[in-house]
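Visitor: This is the structure, below, for whatever I ask next.
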Amino acid sequence: MTALLDVTGLHVALGRGRGRTEILHGVDLTVAPGEIVGLIGETGSGKTTLARAVLGLVRAHSGSIAIDGREVSGLRRSALRAFRRGGAAQYVFQDPLRSLDPERTVFDTLIEGLAVRGGHSRAELREAAREVARLVSLPPGLLPRHPGELSGGQRQRVAIARAVAVDPRLLICDEPVSALDASTRITILELLLRLRETRDLGVLLITHDLGSLGGVADRVVVLYHGQVVETGTTEEIFLAPRHPYTRLLVTSVPSIGDAEPPDPELRRALRAEVRGLTAHP
């Protein structure tokens, strides 16, 4: 199957002159249609920079990014604007209260992308808003409300609904559940599973919490200091991690039920091994 997202040899550097810092070092990553790929790494590992590069918000120094078979890393100006308006890839931010316009109602937020694209009557936009609200289980009574009147879980549903309203092929979710309580977190992750199944979406799920990926991601990509150090199925990553950084992440996942708590001596040894790695493993 042709990859929906195909990132190859991606290098990204931020800043200029002596302050220039390379954030990503030759990253390779793929997402197939209908696949959920978890991108895991601690703060500062380059996860968000990778997502922003895919969307053209930061420029790649070298390497390639293809979405649905189209090379997008070299797009500039009008071509880049047209790509963004086309909506093939959409971004769901970590904090919906900050990413949603506080002055816009839920209804206006949901139709924003379609309105910018043009070609829809008011009646068609109204029906589209109701349809996407149903898709993410938002009660119609919330459509006239503003983000400040909603719960955290409802706001995240609005953010996801806004993203899928333009019928994207790829959904990039940057820490979409980190600010939510446990029960709401599960609900949002189940929503992503349902969208994957009903819309054949490819999903890149970015998180620093490996536990959030269990039962959701098909594959996991581990990013450490801007490099992919391990890739595998979720089962492989959880049960047989190879890289010491991945093993450290796995031992940090909270135990469930009668499972034994993580061995503190093992975690200390793994931390020491990870600290001993160079900045470019």
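Identifiers for the structure tokens are assigned positionally: chains receive A, B, ... in sequence, residues are indexed from 1 per chain, and ligands are indexed from 1 in the order shown.
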I'd like the contact shell of Tyr91 of chain A - 7 Å cut-off, only C-alpha atoms, skipping same-chain residues fewer than 4 positions apart - returned as a list in words.

Guide: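 In the requested format, the answer is Ala163, Leu171, Ile172 and Cys173 of chain A.
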
Visitor: Mind the document's chain letters and residue numbers, and return as a PyMOL selection string the residues of segment 2-56 of chain A that DSSP labels alpha helix (DSSP H).

Guide: chain A and resi 47-54

Visitor: Which residues, written as a PyMOL selection string, have at least one atom at most 10 Å from Val58 of chain A, with only C-alpha atoms counted and residues fewer than 3 positions away on the same chain left out?

Guide: chain A and resi 12-14+49-55+61+73

Visitor: Next, the residues of the selection above should be written as a compact mmCIF listing (two decimals), in the first residue's frame with N, CA and C atoms.

Guide:
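Contents of the output file result-v3.txt:
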```txt
# COMPACT_ATOMS: atom_id res chain seq x y z
N VAL A 12 15.84 19.26 9.77
CA VAL A 12 15.27 20.59 10.03
C VAL A 12 16.17 21.31 11.01
N ALA A 13 16.55 22.53 10.67
CA ALA A 13 17.36 23.38 11.56
C ALA A 13 16.61 24.68 11.80
N LEU A 14 16.65 25.16 13.03
CA LEU A 14 15.99 26.40 13.40
C LEU A 14 17.03 27.44 13.82
N THR A 49 8.26 19.79 16.03
CA THR A 49 8.97 20.31 14.86
C THR A 49 8.70 19.45 13.64
N LEU A 50 8.68 18.13 13.83
CA LEU A 50 8.37 17.22 12.73
C LEU A 50 6.96 17.47 12.20
N ALA A 51 6.00 17.61 13.12
CA ALA A 51 4.62 17.87 12.70
C ALA A 51 4.51 19.18 11.94
N ARG A 52 5.18 20.21 12.43
CA ARG A 52 5.13 21.51 11.78
C ARG A 52 5.80 21.48 10.41
N ALA A 53 6.84 20.67 10.27
CA ALA A 53 7.50 20.53 8.97
C ALA A 53 6.58 19.86 7.96
N VAL A 54 5.84 18.85 8.41
CA VAL A 54 4.90 18.16 7.52
C VAL A 54 3.85 19.13 7.00
N LEU A 55 3.43 20.07 7.84
CA LEU A 55 2.40 21.02 7.45
C LEU A 55 2.96 22.26 6.77
N HIS A 61 15.41 21.54 5.90
CA HIS A 61 16.75 21.85 5.39
C HIS A 61 17.10 20.90 4.26
N SER A 73 7.38 19.27 0.65
CA SER A 73 8.40 19.99 1.42
C SER A 73 8.96 21.18 0.66
```

Visitor: If we count only C-alpha atoms and set the cut-off at 8 Å, which residues sit around Leu205 of chain A, ignoring sequence neighbours fewer than 6 positions away in its own chain? Please answer as number ranges by chain.

Guide: A: 36-39, 172-175, 217

Visitor: I need the residues of segment 115-180 of chain A that end up classed as strand (DSSP E) by DSSP on the backbone, written out as a PyMOL selection string.

Guide: chain A and resi 170-174

Visitor: Quick check, in Å to one decimal: how far apart do atom CA of Phe93 of chain A and atom CA of Pro176 of chain A lie?

Guide: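 A separation of 6.5 Å between them.
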